[in-house]
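The file model.txt comes next; it holds compact mmCIF, C-alpha atoms.
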# COMPACT_ATOMS: atom_id res chain seq x y z
CA MET J 154 -8.16 -18.60 -65.23
CA THR J 155 -7.78 -18.19 -61.49
CA ASN J 156 -11.35 -17.32 -60.49
CA PHE J 157 -13.14 -19.38 -63.11
CA THR J 158 -15.18 -22.26 -61.74
CA LEU J 159 -17.39 -24.78 -63.51
CA ASP J 160 -20.36 -23.44 -61.55
CA SER J 161 -20.27 -20.17 -63.39
CA SER J 162 -19.89 -21.45 -66.94
CA PRO J 163 -23.49 -22.55 -67.70
CA SER J 164 -24.85 -19.14 -66.71
CA VAL J 165 -22.41 -17.52 -69.10
CA VAL J 166 -23.69 -19.67 -71.97
CA LEU J 167 -27.23 -18.93 -70.90
CA GLU J 168 -26.49 -15.23 -70.86
CA LEU J 169 -25.12 -15.51 -74.39
CA THR J 170 -28.15 -17.30 -75.75
CA LEU J 171 -30.30 -14.53 -74.31
CA ARG J 172 -28.16 -11.65 -75.45
CA LEU J 173 -27.74 -12.88 -79.01
CA LYS J 174 -30.68 -12.40 -81.34
CA ILE J 175 -31.67 -14.74 -84.14
CA ARG J 176 -30.45 -12.10 -86.61
CA ASP J 177 -26.95 -12.38 -85.12
CA VAL J 178 -26.64 -16.05 -86.05
CA MET J 179 -28.76 -16.44 -89.19
CA THR J 180 -27.47 -16.82 -92.73
CA THR J 181 -28.61 -13.94 -94.89
CA GLU J 182 -27.26 -15.17 -98.21
CA LEU J 183 -30.28 -17.16 -99.23
CA ILE J 184 -30.73 -19.70 -101.98
CA LEU J 185 -34.38 -19.32 -103.00
CA ALA J 186 -36.85 -20.73 -105.48
CA GLU J 187 -40.34 -19.89 -106.72
CA LYS J 188 -43.52 -21.93 -106.86
CA LYS J 189 -43.20 -22.53 -110.62
CA ASP J 190 -39.68 -24.00 -110.27
CA SER J 191 -39.45 -27.77 -110.65
CA LEU J 192 -38.35 -30.01 -107.82
CA ARG J 193 -35.47 -31.09 -110.05
CA HIS J 194 -34.31 -27.49 -110.28
CA ILE J 195 -34.44 -27.28 -106.47
CA GLN J 196 -32.53 -30.54 -106.16
CA GLN J 197 -29.78 -28.99 -108.33
CA LEU J 198 -29.75 -25.90 -106.10
CA MET J 199 -29.29 -28.11 -103.05
CA LYS J 200 -26.50 -30.07 -104.70
CA HIS J 201 -24.54 -27.04 -105.95
CA ASN J 202 -24.86 -25.08 -102.73
CA ARG J 203 -24.61 -28.05 -100.36
CA ILE J 204 -27.79 -27.18 -98.51
CA THR J 205 -30.68 -29.32 -97.33
CA GLY J 206 -33.62 -26.94 -97.54
CA VAL J 207 -34.79 -24.24 -99.96
CA PRO J 208 -37.38 -21.56 -99.06
CA ILE J 209 -40.02 -20.91 -101.73
CA VAL J 210 -40.88 -17.23 -102.06
CA GLU J 211 -43.20 -14.83 -103.79
CA GLY J 212 -41.28 -11.57 -103.78
CA LYS J 213 -40.11 -11.21 -100.19
CA ARG J 214 -42.92 -13.38 -98.79
CA LEU J 215 -42.18 -16.91 -97.69
CA VAL J 216 -44.80 -19.32 -99.08
CA GLY J 217 -43.23 -22.74 -98.50
CA MET J 218 -40.15 -24.89 -97.95
CA VAL J 219 -38.71 -27.82 -99.87
CA SER J 220 -36.42 -30.12 -97.93
CA VAL J 221 -34.23 -33.04 -98.95
CA ASP J 222 -36.99 -35.31 -97.67
CA ASP J 223 -39.42 -33.76 -100.16
CA ILE J 224 -36.90 -34.35 -102.96
CA ILE J 225 -36.40 -37.99 -101.97
CA GLN J 226 -40.16 -38.51 -101.94
CA ALA J 227 -40.43 -36.85 -105.36
CA LEU J 228 -37.78 -39.15 -106.81
CA ASP J 229 -39.52 -42.12 -105.28
CA GLY J 230 -42.95 -41.01 -106.46
CA GLY J 231 -41.74 -40.05 -109.93
CA TYR J 232 -42.82 -36.41 -109.86
CA ILE J 233 -39.40 -34.76 -109.66
CA ASP J 234 -40.14 -32.65 -112.78
CA ASP J 235 -43.33 -31.16 -111.30
CA PRO J 236 -43.39 -27.55 -110.14
CA CYS J 237 -42.75 -27.48 -106.41
CA ASP J 238 -46.02 -25.61 -105.77
CA HIS J 239 -48.04 -28.71 -104.91
CA HIS J 240 -45.33 -30.61 -103.09
CA MET J 241 -43.71 -28.07 -100.79
CA SER J 242 -44.41 -27.84 -97.05
CA ARG J 243 -46.78 -24.97 -96.47
CA GLN J 244 -47.25 -25.26 -92.73
CA LEU J 245 -44.06 -23.60 -91.61
CA ILE J 246 -42.62 -22.87 -88.23
CA VAL J 247 -40.71 -19.62 -88.48
CA LEU J 248 -38.52 -17.52 -86.20
CA GLU J 249 -38.51 -13.76 -85.92
CA ASP J 250 -35.20 -11.97 -86.33
CA ASP J 251 -35.75 -10.11 -83.07
CA MET J 252 -36.25 -13.23 -80.91
CA PRO J 253 -33.48 -14.22 -78.49
CA LEU J 254 -31.29 -17.12 -79.60
CA SER J 255 -32.51 -19.16 -76.60
CA LEU J 256 -35.95 -19.32 -78.20
CA GLY J 257 -34.41 -20.51 -81.47
CA ILE J 258 -32.58 -23.30 -79.64
CA SER J 259 -35.81 -24.39 -77.97
CA PHE J 260 -37.48 -24.52 -81.41
CA PHE J 261 -34.85 -27.02 -82.61
CA GLU J 262 -35.55 -29.17 -79.56
CA LYS J 263 -39.29 -28.89 -79.98
CA TYR J 264 -39.83 -29.38 -83.69
CA HIS J 265 -36.89 -31.46 -84.93
CA PHE J 266 -36.49 -29.52 -88.18
CA GLY J 267 -33.04 -29.03 -89.63
CA ARG J 268 -33.58 -25.32 -90.31
CA PHE J 269 -35.98 -22.49 -89.65
CA PRO J 270 -36.76 -19.57 -91.96
CA VAL J 271 -36.46 -16.17 -90.27
CA LEU J 272 -38.92 -13.32 -90.88
CA ASN J 273 -38.63 -9.68 -89.91
CA LYS J 274 -41.35 -7.52 -88.32
CA ASP J 275 -42.94 -6.98 -91.76
CA ASN J 276 -43.15 -10.74 -92.32
CA GLU J 277 -40.48 -10.65 -95.02
CA LEU J 278 -38.01 -13.52 -95.33
CA VAL J 279 -34.64 -12.21 -94.17
CA GLY J 280 -32.64 -15.30 -93.30
CA ILE J 281 -32.43 -18.96 -92.42
CA VAL J 282 -31.01 -20.63 -89.32
CA THR J 283 -29.55 -24.10 -89.01
CA SER J 284 -28.32 -25.75 -85.83
CA ARG J 285 -24.84 -25.45 -87.32
CA ASP J 286 -25.21 -21.64 -87.56
CA ILE J 287 -26.16 -21.54 -83.89
CA LEU J 288 -23.28 -23.71 -82.79
CA THR J 289 -20.72 -21.73 -84.77
CA SER J 290 -21.79 -18.32 -83.51
CA LEU J 291 -22.14 -19.58 -79.97
CA LEU J 292 -18.60 -20.95 -80.01
CA MET J 293 -17.24 -17.70 -81.40
CA GLU J 294 -19.07 -15.64 -78.79
CA MET J 295 -17.97 -17.97 -76.00
CA ASN J 296 -14.38 -17.49 -77.03
CA LYS J 297 -14.75 -13.72 -76.69
CA GLU J 298 -16.63 -14.12 -73.44
CA MET J 299 -13.98 -16.30 -71.82
CA GLU J 300 -11.50 -13.47 -72.14
CA HIS J 301 -13.74 -11.10 -70.18
CA LEU J 302 -14.91 -13.68 -67.69
CA GLU J 303 -12.38 -13.11 -64.96
CA GLU J 304 -13.15 -9.41 -64.69
CA LYS J 305 -16.84 -10.17 -64.38
CA LEU J 306 -16.53 -12.38 -61.34
CA ALA J 307 -16.57 -9.91 -58.48
CA PRO J 308 -16.18 -11.08 -54.87
CA GLN J 309 -19.52 -11.47 -53.08
CA LYS J 310 -20.50 -9.44 -50.02
CA GLU J 311 -21.56 -10.94 -46.70
CA VAL J 312 -25.22 -10.42 -45.72
CA PRO J 313 -27.01 -11.23 -42.45
CA PRO J 314 -28.91 -14.56 -42.67
CA GLU J 315 -32.37 -13.03 -42.16
CA CYS J 316 -31.88 -10.62 -45.06
CA TRP J 317 -31.66 -11.43 -48.73
CA SER J 318 -31.09 -9.42 -51.86
CA ARG J 319 -30.51 -10.23 -55.50
CA GLU J 320 -30.57 -8.63 -58.90
CA PHE J 321 -31.91 -10.50 -61.93
CA THR J 322 -31.20 -9.50 -65.52
CA LEU J 323 -34.21 -10.01 -67.79
CA HIS J 324 -34.38 -10.05 -71.55
CA LYS J 325 -37.05 -9.10 -74.07
CA PHE J 326 -39.23 -12.03 -75.20
CA ASP J 327 -37.32 -14.61 -73.15
CA PHE J 328 -40.41 -16.70 -72.45
CA GLU J 329 -38.21 -19.76 -71.96
CA HIS J 330 -37.11 -18.52 -68.54
CA ALA J 331 -40.20 -16.51 -67.69
CA GLY J 332 -41.16 -16.95 -64.06
CA SER J 333 -37.78 -18.24 -62.94
CA ALA J 334 -36.71 -14.98 -61.28
CA SER J 335 -39.97 -14.67 -59.32
CA GLY J 336 -39.82 -18.41 -58.58
CA THR J 337 -36.37 -17.95 -57.05
CA ILE J 338 -37.54 -14.90 -55.09
CA LYS J 339 -40.52 -16.80 -53.69
CA LYS J 340 -38.42 -19.82 -52.68
CA GLU J 341 -35.66 -17.77 -51.06
CA ILE J 342 -38.07 -15.60 -49.07
CA LYS J 343 -40.19 -18.59 -48.11
CA ASP J 344 -37.10 -20.07 -46.51
CA LYS J 345 -36.86 -16.95 -44.33
CA GLY J 346 -40.20 -17.97 -42.78
CA LEU J 347 -42.76 -15.43 -43.94
CA ASP J 348 -46.53 -15.36 -43.48
CA PRO J 349 -48.08 -17.10 -46.56
CA LYS J 350 -50.30 -14.11 -47.35
CA ASN J 351 -47.38 -11.76 -47.68
CA LEU J 352 -45.40 -14.39 -49.54
CA ARG J 353 -48.15 -14.49 -52.13
CA ARG J 354 -48.20 -10.69 -52.42
CA ILE J 355 -44.45 -10.78 -53.09
CA ALA J 356 -44.95 -13.58 -55.62
CA VAL J 357 -47.65 -11.61 -57.47
CA ALA J 358 -45.65 -8.37 -57.58
CA SER J 359 -42.38 -9.99 -58.62
CA TYR J 360 -44.05 -12.15 -61.28
CA GLU J 361 -45.84 -9.21 -62.86
CA MET J 362 -42.65 -7.13 -62.82
CA GLU J 363 -40.73 -9.99 -64.40
CA MET J 364 -43.35 -10.48 -67.11
CA ASN J 365 -43.56 -6.76 -67.82
CA LEU J 366 -39.81 -6.70 -68.41
CA ILE J 367 -40.02 -9.73 -70.70
CA VAL J 368 -43.15 -8.75 -72.62
CA HIS J 369 -42.93 -4.97 -72.84
CA SER J 370 -39.42 -3.70 -72.13
CA LEU J 371 -36.27 -3.86 -74.20
CA GLY J 372 -34.69 -5.63 -71.23
CA GLY J 373 -33.91 -4.61 -67.68
CA THR J 374 -33.33 -5.72 -64.13
CA LEU J 375 -35.49 -6.91 -61.28
CA LYS J 376 -34.02 -6.13 -57.88
CA VAL J 377 -35.22 -7.57 -54.62
CA GLU J 378 -34.17 -6.49 -51.14
CA HIS J 379 -35.72 -8.44 -48.30
CA THR J 380 -35.45 -7.81 -44.56
CA PRO J 381 -37.72 -9.13 -41.78
CA GLU J 382 -39.47 -5.72 -41.75
CA ARG J 383 -40.22 -5.27 -45.45
CA THR J 384 -39.54 -6.44 -48.99
CA ILE J 385 -38.65 -3.97 -51.72
CA LEU J 386 -39.04 -5.01 -55.34
CA GLU J 387 -37.78 -2.76 -58.07
CA ALA J 388 -37.99 -3.20 -61.84
CA THR J 389 -35.97 -0.91 -64.07
CA ASP J 390 -35.67 -1.13 -67.83
CA VAL J 391 -33.90 0.61 -70.67
CA GLY J 392 -36.98 1.42 -72.69
CA PRO J 393 -39.19 1.97 -74.56
CA GLY J 394 -41.08 3.81 -71.76
CA ILE J 395 -44.82 4.11 -71.21
CA GLU J 396 -46.64 6.85 -73.11
CA ASP J 397 -49.60 7.15 -70.79
CA VAL J 398 -48.96 5.82 -67.28
CA ASP J 399 -52.58 6.41 -66.18
CA LYS J 400 -53.83 4.24 -69.02
CA ALA J 401 -51.25 1.55 -68.21
CA MET J 402 -52.59 1.51 -64.65
CA THR J 403 -56.12 0.78 -65.93
CA GLU J 404 -57.21 -2.85 -65.73
CA GLY J 405 -57.67 -4.39 -69.15
CA TRP J 406 -55.63 -1.83 -71.04
CA SER J 407 -52.68 -3.44 -72.83
CA THR J 408 -50.31 -2.81 -75.72
CA ALA J 409 -49.39 -6.51 -76.11
CA ASN J 410 -49.51 -7.92 -79.64
CA ASP J 411 -51.43 -11.02 -80.77
CA TRP J 412 -48.74 -13.64 -80.33
CA ILE J 413 -48.04 -12.45 -76.80
CA ARG J 414 -51.76 -12.57 -76.01
CA SER J 415 -51.98 -16.07 -77.46
CA LEU J 416 -49.52 -17.14 -74.75
CA GLY J 417 -51.91 -15.84 -72.11
CA PHE J 418 -50.08 -12.60 -71.39
CA GLY J 419 -51.10 -9.03 -72.09
CA ALA J 420 -54.28 -9.15 -70.03
CA GLY J 421 -53.71 -5.55 -69.02
CA MET J 422 -53.62 -6.47 -65.34
CA GLY J 423 -49.91 -6.47 -64.59
CA LEU J 424 -49.41 -2.99 -63.11
CA PRO J 425 -52.83 -2.92 -61.37
CA ASN J 426 -52.00 -6.32 -59.82
CA ILE J 427 -48.67 -4.98 -58.51
CA LYS J 428 -50.31 -1.87 -57.06
CA ARG J 429 -53.04 -3.89 -55.37
CA VAL J 430 -50.63 -6.15 -53.47
CA SER J 431 -48.22 -3.34 -52.51
CA ASP J 432 -48.22 -1.22 -49.35
CA GLU J 433 -46.28 1.41 -51.25
CA PHE J 434 -46.24 1.66 -55.03
CA PHE J 435 -44.26 3.96 -57.26
CA ILE J 436 -44.01 4.23 -61.04
CA GLN J 437 -42.05 6.60 -63.20
CA SER J 438 -41.66 6.38 -66.94
CA GLN J 439 -40.22 8.38 -69.77
CA VAL J 440 -40.68 7.50 -73.42
CA GLY J 441 -37.39 6.70 -75.07
CA LYS J 442 -35.66 6.30 -71.71
CA GLY J 443 -37.29 3.63 -69.62
CA THR J 444 -39.53 2.74 -66.72
CA LEU J 445 -39.02 2.28 -63.00
CA VAL J 446 -41.58 0.40 -60.91
CA ARG J 447 -41.11 0.02 -57.15
CA SER J 448 -43.22 -1.98 -54.75
CA ILE J 449 -42.78 -2.15 -50.98
CA ILE J 450 -44.50 -4.79 -48.90
CA TYR J 451 -44.30 -4.44 -45.11
CA HIS J 452 -44.24 -7.45 -42.83
CA PRO J 453 -46.23 -6.88 -39.64
CA PRO J 454 -44.61 -8.17 -36.45
CA GLU J 455 -45.75 -11.69 -35.60
CA LYS J 456 -48.95 -11.82 -33.58
CA GLU J 457 -49.02 -13.77 -30.31
CA VAL J 458 -52.00 -15.96 -31.14
CA THR J 459 -53.87 -15.75 -34.39
CA HIS J 460 -57.37 -17.11 -34.88
CA GLU J 461 -57.57 -16.01 -38.44
CA HIS J 462 -58.06 -18.70 -41.07
CA SER J 463 -56.48 -18.06 -44.40
CA MET V 662 -63.19 -33.13 -52.23
CA ASN V 663 -59.88 -34.86 -52.80
CA ILE V 664 -58.35 -34.12 -56.22
CA LEU V 665 -57.67 -37.80 -56.90
CA ASP V 666 -61.37 -38.59 -56.33
CA ILE V 667 -62.41 -35.65 -58.48
CA ALA V 668 -60.18 -36.88 -61.31
CA VAL V 669 -61.76 -40.33 -61.18
CA ARG V 670 -65.32 -39.01 -60.99
CA LEU V 671 -64.90 -36.54 -63.85
CA SER V 672 -62.60 -38.77 -65.96
CA TRP V 673 -59.66 -36.35 -65.94
CA ARG V 674 -56.42 -37.88 -67.18
CA LEU V 675 -53.20 -37.21 -65.27
CA LEU V 676 -50.48 -35.97 -67.68
CA SER V 677 -47.70 -35.28 -65.18
CA SER V 678 -46.24 -37.69 -62.66
CA THR V 679 -47.14 -35.88 -59.43
CA LYS V 680 -50.05 -37.50 -57.60
CA ILE V 681 -50.95 -35.34 -54.66
CA ASP V 682 -53.65 -35.87 -52.15
CA VAL V 683 -55.08 -32.38 -51.75
CA ASP V 684 -58.51 -31.12 -50.83
CA ILE V 685 -60.12 -28.96 -53.52
CA LYS V 686 -62.83 -26.48 -52.61
CA VAL V 687 -63.09 -24.43 -55.78
CA GLY V 688 -61.63 -23.82 -59.23
CA TYR V 689 -60.65 -20.76 -61.25
CA THR V 690 -61.30 -20.62 -64.99
CA SER V 691 -59.23 -18.29 -67.15
CA ASP V 692 -56.71 -18.19 -69.99
CA LEU V 693 -55.14 -14.92 -68.95
CA LEU V 694 -52.21 -15.55 -66.66
CA SER V 695 -52.26 -12.16 -64.92
CA ASP V 696 -55.93 -12.60 -64.19
CA VAL V 697 -55.17 -15.92 -62.51
CA MET V 698 -52.18 -14.44 -60.71
CA GLY V 699 -54.29 -11.63 -59.29
CA ASN V 700 -57.59 -13.34 -58.61
CA ALA V 701 -57.40 -17.14 -58.32
CA PRO V 702 -57.94 -18.38 -54.77
CA ALA V 703 -55.03 -20.40 -53.38
CA GLU V 704 -55.38 -24.21 -53.39
CA SER V 705 -57.84 -24.17 -56.27
CA VAL V 706 -57.83 -25.93 -59.64
CA PHE V 707 -56.69 -23.75 -62.54
CA ILE V 708 -59.03 -24.56 -65.45
CA THR V 709 -57.58 -23.41 -68.79
CA ILE V 710 -56.59 -24.18 -72.37
CA GLN V 711 -53.28 -22.36 -71.90
CA ALA V 712 -50.91 -25.32 -72.26
CA HIS V 713 -47.40 -24.03 -71.78
CA LYS V 714 -44.64 -23.79 -69.20
CA ASN V 715 -45.67 -20.35 -67.95
CA THR V 716 -49.01 -21.77 -66.82
CA VAL V 717 -47.07 -23.90 -64.32
CA ALA V 718 -45.03 -20.90 -63.16
CA VAL V 719 -48.23 -18.97 -62.47
CA ALA V 720 -49.89 -21.89 -60.69
CA SER V 721 -46.84 -22.35 -58.51
CA LEU V 722 -46.43 -18.66 -57.67
CA ALA V 723 -50.13 -18.19 -56.96
CA GLY V 724 -50.18 -21.32 -54.78
CA LEU V 725 -52.73 -23.24 -56.87
CA SER V 726 -53.11 -26.98 -56.37
CA ALA V 727 -53.59 -28.35 -59.87
CA ILE V 728 -53.97 -27.47 -63.55
CA LEU V 729 -56.77 -28.83 -65.75
CA LEU V 730 -56.21 -28.55 -69.49
CA CYS V 731 -59.50 -28.45 -71.37
CA SER V 732 -60.55 -29.52 -74.87
CA ASN V 733 -57.90 -32.25 -74.89
CA ARG V 734 -55.06 -29.73 -75.13
CA GLN V 735 -51.70 -31.50 -74.95
CA ALA V 736 -49.05 -30.42 -72.47
CA PRO V 737 -45.63 -29.88 -74.08
CA GLN V 738 -42.75 -31.86 -72.56
CA ASP V 739 -41.17 -28.78 -70.94
CA MET V 740 -44.50 -27.97 -69.28
CA ILE V 741 -44.74 -31.48 -67.77
CA ALA V 742 -41.11 -31.28 -66.61
CA ALA V 743 -41.82 -27.92 -64.92
CA ALA V 744 -44.97 -29.31 -63.29
CA ASP V 745 -43.10 -32.32 -61.93
CA GLN V 746 -40.41 -30.05 -60.55
CA GLU V 747 -42.98 -27.78 -58.86
CA GLY V 748 -45.10 -30.70 -57.66
CA ILE V 749 -48.23 -29.48 -59.41
CA PRO V 750 -50.32 -32.14 -61.16
CA ILE V 751 -51.57 -31.45 -64.71
CA TYR V 752 -54.85 -33.09 -65.68
CA GLN V 753 -56.53 -33.18 -69.07
CA THR V 754 -60.17 -33.38 -70.05
CA GLU V 755 -61.97 -33.46 -73.40
CA GLU V 756 -64.54 -30.98 -72.09
CA ASN V 757 -64.22 -27.27 -72.81
CA GLN V 758 -63.72 -24.71 -70.01
CA PHE V 759 -67.44 -24.14 -69.55
CA TRP V 760 -68.40 -27.78 -69.13
CA ALA V 761 -65.32 -28.64 -67.09
CA SER V 762 -66.09 -25.79 -64.67
CA TYR V 763 -69.76 -26.71 -64.56
CA HIS V 764 -69.09 -30.34 -63.75
CA LEU V 765 -66.48 -29.49 -61.08
CA GLY V 766 -68.84 -26.97 -59.48
CA LYS V 767 -71.66 -29.50 -59.50
CA LEU V 768 -69.48 -32.23 -58.00
CA LEU V 769 -68.30 -29.85 -55.24
CA ASN V 770 -71.88 -28.76 -54.57
CA LEU V 771 -71.09 -25.13 -55.30
CA HIS V 772 -73.93 -22.69 -55.83
Exercise: express the given structure as structure tokens:
Amino acid sequence: MTNFTLDSSPSVVLELTLRLKIRDVMTTELILAEKKDSLRHIQQLMKHNRITGVPIVEGKRLVGMVSVDDIIQALDGGYIDDPCDHHMSRQLIVLEDDMPLSLGISFFEKYHFGRFPVLNKDNELVGIVTSRDILTSLLMEMNKEMEHLEEKLAPQKEVPPECWSREFTLHKFDFEHAGSASGTIKKEIKDKGLDPKNLRRIAVASYEMEMNLIVHSLGGTLKVEHTPERTILEATDVGPGIEDVDKAMTEGWSTANDWIRSLGFGAGMGLPNIKRVSDEFFIQSQVGKGTLVRSIIYHPPEKEVTHEHS
Amino acid sequence: MNILDIAVRLSWRLLSSTKIDVDIKVGYTSDLLSDVMGNAPAESVFITIQAHKNTVAVASLAGLSAILLCSNRQAPQDMIAAADQEGIPIYQTEENQFWASYHLGKLLNLH
């Protein structure tokens, strides 16, 4: 543990919560019940299996949840022998098996439930996640990670103070940290003293690249290389690739699904926005391989006196 | 007009803790973040129902002065925390985007 410092440990945990998917931590051996089952039957299930929540299903579809709280209320209200149909919670917050673990953790903070059912892409119930599941898998992964940590920490190179470069790793559907890479880029370059107009062009291009990686790619990197003469931004991902680049460059055309659109993304303006603010723009994509987007923004030499109002 | 005066005149409620004294000349109304990113004029009010953390990221990156949440949309705690960190005030109004924009435009004498 020679190179390990406390400064680096939170980013390792963060990295883990992004790399792990909900499906990596969920329990797949499910104790289930149906709508016709009585609350007493469910209470027995809870007791025998030492669990605090039972999903109610119709086939593979999740239709409700019964928690210990529901059982206590049923005992109190004297309807413990009723079918659970009318007493289960129907308004459910669910996770998708493909979501990053970081999103799952934020759900526990946000909603204060003890467990979340997990659905797959076809909306079938495939698992359940408790905070205990998360903690256990995180601890196991951290153990593995600690062993590799020393190798990962490479010595950092010296760069001249007026230049700045950085590479950010971005993960699919990590909306929790969306905007933080471009926020860092904007702050760092602002400190180098850049004309506000160009700063905004950099902010627009880097934000759209970041969001494209989060919304559309399977994950990738955003690289920035800034010198007083120009800023180069480059987004590369590992897939899935764009089928029709011309269409993707058309304003308003988007492949985003409904839940992404409900968050305000998927307007179909990302790539056109990047192109518009760039002095040089390059895109190359291959289906099944990945996409590369490069934007170069030149910084004109400072004018003697400027009368322009921005 | 000063944002604090606007808020009083149009009965906007401040949800975050940042009170900034900034002159507002115009607003931009949209729920699509890339649209705002590409088209909203700097130092304007971002009028929207999109109440989540990414709204703050966009406002900050695009250099907007304030966010107005319409139709009484609530700001989640992580959104308020982000707004406080970025120094961007979040206001709330019971009006929808149309009426909120109309009343701001009228107050600012925009034609």
How close does chain V get to chain J? List, as JSON lines, each residue of chain V within 7 Å, its nearest atom pair and the distance in Å to one decimal, counting only C-alpha atoms.
{"residue": "V:Asp692", "atom": "CA", "partner": "J:Gly417", "partner_atom": "CA", "distance": 5.7}
{"residue": "V:Leu693", "atom": "CA", "partner": "J:Gly417", "partner_atom": "CA", "distance": 4.6}
{"residue": "V:Leu694", "atom": "CA", "partner": "J:Gly417", "partner_atom": "CA", "distance": 5.5}
{"residue": "V:Ser695", "atom": "CA", "partner": "J:Met422", "partner_atom": "CA", "distance": 5.9}
{"residue": "V:Asp696", "atom": "CA", "partner": "J:Met422", "partner_atom": "CA", "distance": 6.7}
{"residue": "V:Met698", "atom": "CA", "partner": "J:Val357", "partner_atom": "CA", "distance": 6.2}
{"residue": "V:Gly699", "atom": "CA", "partner": "J:Asn426", "partner_atom": "CA", "distance": 5.8}
{"residue": "V:Gln711", "atom": "CA", "partner": "J:Gly417", "partner_atom": "CA", "distance": 6.7}
{"residue": "V:Asn715", "atom": "CA", "partner": "J:Ala331", "partner_atom": "CA", "distance": 6.7}
{"residue": "V:Ala718", "atom": "CA", "partner": "J:Gly332", "partner_atom": "CA", "distance": 5.6}
{"residue": "V:Leu722", "atom": "CA", "partner": "J:Ala356", "partner_atom": "CA", "distance": 5.7}
{"residue": "V:Ala723", "atom": "CA", "partner": "J:Arg353", "partner_atom": "CA", "distance": 6.4}
Polymer residues at most 9 Å from stretch 212-228 of chain J, all atoms listed in the file, same-chain spacing of 4 or more positions, as a PyMOL selection string: chain J and resi 187-188+192-193+195-196+199+204-208+232-235+237-238+240-245+270+272+276-279
Kindly give the distance, in Å, that separates atom CA of J:Phe321 and atom CA of J:Leu375, rounded to a single decimal.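 Atom CA of J:Leu375 lies 5.1 Å from atom CA of J:Phe321.
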Just how far from atom CA of V:Ile751 is atom CA of V:Val717, in Å to one decimal?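 These atoms are spaced 8.8 Å apart.
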Find the residue from J:Cys316, J:Ile281, J:Ala186, J:Ile385 that sits nearest to J:Glu211; use all atoms listed in the file when measuring.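 Distance minimum relative to J:Glu211 lands on J:Ala186.
Atom CA of V:Val687 sits 25.4 Å away from atom CA of V:Ala742.
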Compile the contact shell of J:Asn273 as a tab-separated table (two decimals) with C-alpha atoms, in the frame of the given file: residues with an atom at most 10 Å away, counting all atoms listed in the file, same-chain residues fewer than 4 positions apart removed.
chain	number	residue	atom	x	y	z
J	176	ARG	CA	-30.45	-12.10	-86.61
J	248	LEU	CA	-38.52	-17.52	-86.20
J	249	GLU	CA	-38.51	-13.76	-85.92
J	250	ASP	CA	-35.20	-11.97	-86.33
J	251	ASP	CA	-35.75	-10.11	-83.07
J	252	MET	CA	-36.25	-13.23	-80.91
J	277	GLU	CA	-40.48	-10.65	-95.02
J	278	LEU	CA	-38.01	-13.52	-95.33
J	279	VAL	CA	-34.64	-12.21	-94.17
J	280	GLY	CA	-32.64	-15.30	-93.30
Using all atoms listed in the file, the shortest atom-to-atom distance to J:Asp432 among J:Leu347, J:Ile449, J:Leu254, J:Ile342 belongs to J:Ile449
Please provide the set of residues having any atom within 9 Å of V:Met740, restricted to all atoms listed in the file, with same-chain residues fewer than 4 positions apart removed, written as a ChimeraX atom specification. /V:677,712-717,736,744-745
Quick one: residues within 12 Å of V:Leu771, all atoms listed in the file counted, chain neighbours fewer than 5 positions away excluded, as a PyMOL selection string? chain V and resi 662+685-688+762-766
Show which residues sit within 12 Å of V:Ile681, as a compact mmCIF listing (two decimals) with C-alpha atoms, keeping the file's coordinate frame. Count only C-alpha atoms, and ignore same-chain residues fewer than 5 positions away.
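The new file out.txt reads:
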# COMPACT_ATOMS: atom_id res chain seq x y z
CA ASN V 663 -59.88 -34.86 -52.80
CA ILE V 664 -58.35 -34.12 -56.22
CA LEU V 665 -57.67 -37.80 -56.90
CA ASP V 666 -61.37 -38.59 -56.33
CA ALA V 668 -60.18 -36.88 -61.31
CA LEU V 675 -53.20 -37.21 -65.27
CA SER V 726 -53.11 -26.98 -56.37
CA ALA V 727 -53.59 -28.35 -59.87
CA ASP V 745 -43.10 -32.32 -61.93
CA GLU V 747 -42.98 -27.78 -58.86
CA GLY V 748 -45.10 -30.70 -57.66
CA ILE V 749 -48.23 -29.48 -59.41
CA PRO V 750 -50.32 -32.14 -61.16
CA ILE V 751 -51.57 -31.45 -64.71
CA TYR V 752 -54.85 -33.09 -65.68
Using only C-alpha atoms, which of V:Ile710, V:Val697, V:Ala703, V:Leu676 sits nearest V:Ser732?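 Checking each candidate against V:Ser732, we get V:Ile710 as the closest.
Candidate residues J:His369, J:Lys174, J:Arg268, J:Arg203 were compared for distance to J:Leu256, and the nearest is J:Lys174, using all atoms listed in the file.
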Could you pull stretch 361-373 of chain J out of the structure I just pasted and write it to a file containing C-alpha atoms, as a PDB file, in the first residue's frame?
ATOM      1  CA  GLU J 361     -23.443  17.457 -25.665  1.00  0.00           C
ATOM      2  CA  MET J 362     -20.574  14.980 -26.056  1.00  0.00           C
ATOM      3  CA  GLU J 363     -20.919  13.978 -22.415  1.00  0.00           C
ATOM      4  CA  MET J 364     -24.681  13.502 -22.723  1.00  0.00           C
ATOM      5  CA  ASN J 365     -24.343  11.546 -25.959  1.00  0.00           C
ATOM      6  CA  LEU J 366     -21.983   9.140 -24.218  1.00  0.00           C
ATOM      7  CA  ILE J 367     -24.372   8.768 -21.271  1.00  0.00           C
ATOM      8  CA  VAL J 368     -27.620   8.553 -23.232  1.00  0.00           C
ATOM      9  CA  HIS J 369     -26.643   6.722 -26.410  1.00  0.00           C
ATOM     10  CA  SER J 370     -23.319   4.920 -26.048  1.00  0.00           C
ATOM     11  CA  LEU J 371     -22.396   1.795 -24.140  1.00  0.00           C
ATOM     12  CA  GLY J 372     -19.801   3.929 -22.372  1.00  0.00           C
ATOM     13  CA  GLY J 373     -16.705   5.764 -23.496  1.00  0.00           C
TER      14      GLY J 373
END
